[in-house]
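Asker: Just dropping this structure here.
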Amino acid sequence: MKTKNFLLVLISALVHCSLFAQDVNFRGLDNTKHLIGIQAGVDYGSYYGVSYGYVWRNKLTPIVIGTEFNVPFGNNLVDDWKSRTSVQAELWNYRGWSVSARLSSIFRRYDSNLATMLNVGSDFTLNIGYAKPKWSLIAFANYDKPIVTHIENKLLKEYYPEIKDGWYDESGGNYKFGLRGQVSYKTWNAFVTAGKQYGRNFENNPTLPFFAEVSVQKRL
Amino acid sequence: MHKSIYFFLVFLIAACEPEDWSKPGNLVPRTADEDASVPSQQINGTLLHVESYGEPIDPLIIVIHGGPGGDFRSLLDARNLADDGYHVVFYDQRGTGLSKREDQSQFENEGAVDLFIDDLDKLITLYRFGPGQKVFIMGHSWGAMLATAYINRYPEKITGAVLAEPGGFTWPQTEDYLSRSNEVKLFREAINDALVPESIISGKSQDEILDYKASFFSSYENAPGNVLGNAGEYPFWRNGSVSAEAMNEHAEKYGFDFTSNLNSYTTQILFLYSEHNKAYGRGWAEQVSAPYPNVDLQMVENCGHEMFYFGWTELYPKALNYFNQLK
């Protein structure tokens with residue numbers, strides 16, 4: 001299992017170092033090939049980050065392959081971070097109504113004086129809404145599943161020397177339900193996202209139950 | 001050859017199964033019911049982690065930890081009082097520390113606080129050597145609130161009390177204090193250190209997982225620049241996440257008032273507040289201690305809220321002098 005976990009981490013790290021992902025209005029892509037963005041928000045604390053998306057055009061539907069990289073606000077710049085690599089496509093549209101889906105792999109690191117965690121996970125997002133070339137309003141549901149986590153305890157090991165470091169199996173999951181609004185001006189997009197999140201069992205929910213994000217995107 | 005490699009890979013994968021977050025002992029210590037080496041007592045229908053120091057015939061001091069959901073590990077310097085002729089007893093409250101976990105329903109009922117008062121009463125009865133033995137209680141934070149709830153119920157049973165920064169003796173008062181002590185600063189490293197683990201550990205209800213996750217959340221109050229004035233982290237055994245959350249919800253739902261009978265307790269109490277806790281101070285100490293008729297209000301210098309751990313050298317002579325006067 002260690003071997004499998006190591007490969008998972010390695011592949012995920014390589015992929016995440018080379019790609020970036022993105023919020024997308026499929027009605028407003030025109031001839032866009034690249035999407036470059038910055039974002040800031042609140043989600044288990046506060047964060048900011050950058051994103052990139054590549055628009056792959058084919059005979060069926062445009063597919064956006066990309067990633068985003070976020071770090072929390074705070075004194076230590078890269079002790080914690082989260083990156084997400086995703087593939088997303090519009091599945092259906094009719095007179096402005098649109099259904100799209102995104103499948104992502106997630107790689108995150110947490111570090112404090114108590115412990116360091118490296119986690120590999122995945123998430124799936126279903127978007128349903130109304131989109132015009134210059135604006136869109138989308139409702140979405142997301143499920144984020146942490147799959148495997150490596151824990152190295154620090155201060156917690158001093159308090160409890162028998163504590164076990166190493167790889168740990170799946171540790172639950174969480175749902176996000178939210179709305180995303182978007183407006184365009186020339187080749188620029190602005191997105192505002194907000195919603196509520198729950199633990200997988202809807203009982204053990206995050207301390208900050210809400211999330212929000214503001215992002216600005218340049219289409220190239 | 002291929003079969004050998006395949007067999008080796010299968011063996012490697014099988015031998016390295018990932019750990020289970022919820023397996024007892026993996027991420028949080030085993031509790032008294034899981035580990036026979038933990039000193040414990042059957043009290044009021046549960047198994048409490050209890051440690052005692054000194055001679056049983058000496059005046060009894062019961063030390064009550066904070067939380068709800070904390071444990072007494074950071075208060076252990078108080079065992080020095082055993083060398084001064086006291087029998088010092090520490091216990092982890094119901095469902096927390098190394099005491100046995102209890103079902104959430106115990107902490108949700110309207111009588112949950114009464115259960116904690118009953119546990120303390122049974123503990124005093126168990127450790128009291130005889131009817132002539134004097135009984136003191138020394139509580140920190142929530143422990144000082146619980147001590148007051150006990151005095152409010154049984155004023156005749158307590159010889160004296162040392163109370164260190166109880167948030168409040170009524171729920172509105174405690175809410176007021178918590179709004180200052182738990183102030184959230186969203187763009188600080190501390191809040192991310194406390195909350196980001198929830199993005200990895202989420203939506204699972206096993207106690208061991210919740211207790212481990214609570215370790216990170218509890219670190220918020222000790223981060224650099226914290227309101228409470230704590231100099232850093234302090235040791236603990238296990239955060240009782242279920243009891244902590246349920247007791248907080250209980251207070252929000254039912255409220256409490258531990259002051260209704262305090263005017264009958266005319267013995268002087270020693271009320272301590274710390275120099276560095278920005279959410280407390282002398283003004284708040286005067287307000288909280290006001291229902292007691294006879295109060296000796298003293299500041300513990302050079303420390304914050306966790307004064308038993310970071311300020312024991314300052315706290316110790318004040319407490320000892322108080323106990324010796326009533327001994």
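Just remember, in the structure tokens the first chain shown is A, the second B, etc., residues are 1-based per chain, and ligands are 1-based in the order shown.
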Within 9 Å of Val71 (chain A), counting only C-alpha atoms, which residues qualify if same-chain residues fewer than 4 places away don't, as an mmCIF file with C-alpha atoms, in the first residue's frame?

Answerer:
data_model
loop_
_atom_site.group_PDB
_atom_site.id
_atom_site.type_symbol
_atom_site.label_atom_id
_atom_site.label_comp_id
_atom_site.auth_asym_id
_atom_site.auth_seq_id
_atom_site.Cartn_x
_atom_site.Cartn_y
_atom_site.Cartn_z
ATOM 1 C CA SER A 46 -8.907 32.010 4.180
ATOM 2 C CA TYR A 47 -6.851 31.545 1.016
ATOM 3 C CA TYR A 48 -5.678 33.047 -2.216
ATOM 4 C CA GLY A 49 -4.300 31.486 -5.355
ATOM 5 C CA LEU A 77 3.407 31.121 2.916
ATOM 6 C CA VAL A 78 3.566 27.499 1.780
ATOM 7 C CA ASP A 79 3.206 25.417 4.929
ATOM 8 C CA ASP A 80 -0.369 24.646 3.874
ATOM 9 C CA TRP A 81 -1.583 24.489 0.295
ATOM 10 C CA LYS A 82 -4.140 22.856 -1.932
ATOM 11 C CA SER A 83 -3.989 22.146 -5.627
#

Asker: Using only C-alpha atoms, determine which residues of chain B fall within 8 Å of chain A; present them as a compact mmCIF listing (two decimals) with C-alpha atoms, in the first residue's frame.

Answerer:
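New file result39.txt:
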# COMPACT_ATOMS: atom_id res chain seq x y z
CA LEU B 12 4.18 -5.57 -0.17
CA ILE B 13 0.71 -4.12 -0.67
CA ALA B 14 -0.83 -6.48 1.86
CA ALA B 15 1.88 -5.77 4.42
CA CYS B 16 1.44 -2.01 4.19
CA GLU B 17 -2.27 -1.55 4.72
CA PRO B 18 -3.02 2.03 5.69
CA GLU B 19 -3.77 2.75 9.31
CA ASP B 20 -7.31 3.16 10.56
CA TRP B 21 -8.07 6.64 11.91
CA GLY B 25 -4.43 4.09 20.41
CA ASN B 26 -3.48 5.08 16.85
CA LEU B 27 -3.94 8.84 17.10
CA VAL B 28 -5.22 9.50 20.62
CA PRO B 29 -4.36 7.68 23.86
CA LEU B 186 -10.01 35.05 9.57
CA PHE B 187 -6.79 36.05 7.85
CA ARG B 188 -4.42 34.80 10.54
CA GLU B 189 -2.22 31.71 10.36
CA ALA B 190 -3.81 30.52 13.61
CA ILE B 191 -7.30 30.10 12.18
CA ASN B 192 -5.95 28.16 9.20
CA ASP B 193 -3.89 25.90 11.49
CA LEU B 195 -9.51 24.68 10.60
CA VAL B 196 -7.66 23.35 7.54
CA PRO B 197 -7.47 19.81 9.04
CA GLU B 198 -11.27 19.77 8.73
CA SER B 199 -10.86 19.70 4.95
CA ILE B 200 -9.06 16.37 5.33
CA ILE B 201 -10.90 14.91 8.32
CA SER B 202 -14.58 15.48 7.65
CA GLY B 203 -17.97 13.91 8.13
CA LYS B 204 -16.97 10.95 10.24
CA SER B 205 -18.39 10.44 13.69
CA PHE B 216 -5.94 21.05 15.99
CA PRO B 235 0.17 19.37 27.13
CA PHE B 236 -3.05 17.39 27.14
CA TRP B 237 -4.05 13.76 26.84

Asker: For Asn321 (chain B), list every protein, DNA or RNA residue within 12 Å, evaluated using only C-alpha atoms, and leave out those in the same chain fewer than 4 positions away; present the list as JSON, numbers by chain.

Answerer: {"B": [81, 84, 162, 270, 296, 314, 315, 316, 317, 325, 326, 327]}

Asker: Within 12 Å of Ser37 (chain B), counting only C-alpha atoms, which residues qualify if same-chain residues fewer than 4 places away don't, as a PyMOL selection string?

Answerer: chain B and resi 29-33+49-51+98

Asker: Env of Trp284 (chain B): 10 Å cut, atoms = only C-alpha atoms, seq-sep filter 3 positions within chain, self excluded. Answer as a list in words.

Answerer: Glu165, Gly167, Gly168, Gln173, Tyr177, Tyr273, Ala279, Tyr280, Gly281, Gln287, Val288, Ser289 and Ala290 of chain B

Asker: Using DSSP assignments from the backbone, pull out every residue in region 79-187 of chain A that falls under alpha helix (DSSP H) and give it to me as a PyMOL selection string.

Answerer: chain A and resi 155-159

Asker: Counting only C-alpha atoms, which of B:Leu228, B:Ile158, B:Leu48, B:Ile269 gets nearest to Phe72 (chain B)?

Answerer: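 For Phe72 (chain B), the nearest of the given residues is B:Leu48.
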
Asker: Can you measure CA of Lys100 (chain B) to CA of Gln42 (chain B) for me? One decimal in Å is fine.

Answerer: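 Computing it gives 10.0 Å between the two atoms.
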
Asker: Which polymer residues have any atom within 12 Å of an atom of region 100-102 of chain A, counting only C-alpha atoms, with same-chain residues fewer than 5 positions away left out, as a VMD selection string?

Answerer: chain A and resid 21 to 27 61 to 67 84 to 93 122 to 131 138 to 144

Asker: With distances taken over only C-alpha atoms, which residue among B:Gly111, B:Pro68, B:Gly130, B:Pro293 lies nearest Val242 (chain B)?

Answerer: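 Between B:Gly111, B:Pro68, B:Gly130, B:Pro293, the residue approaching Val242 (chain B) most closely is B:Pro68.
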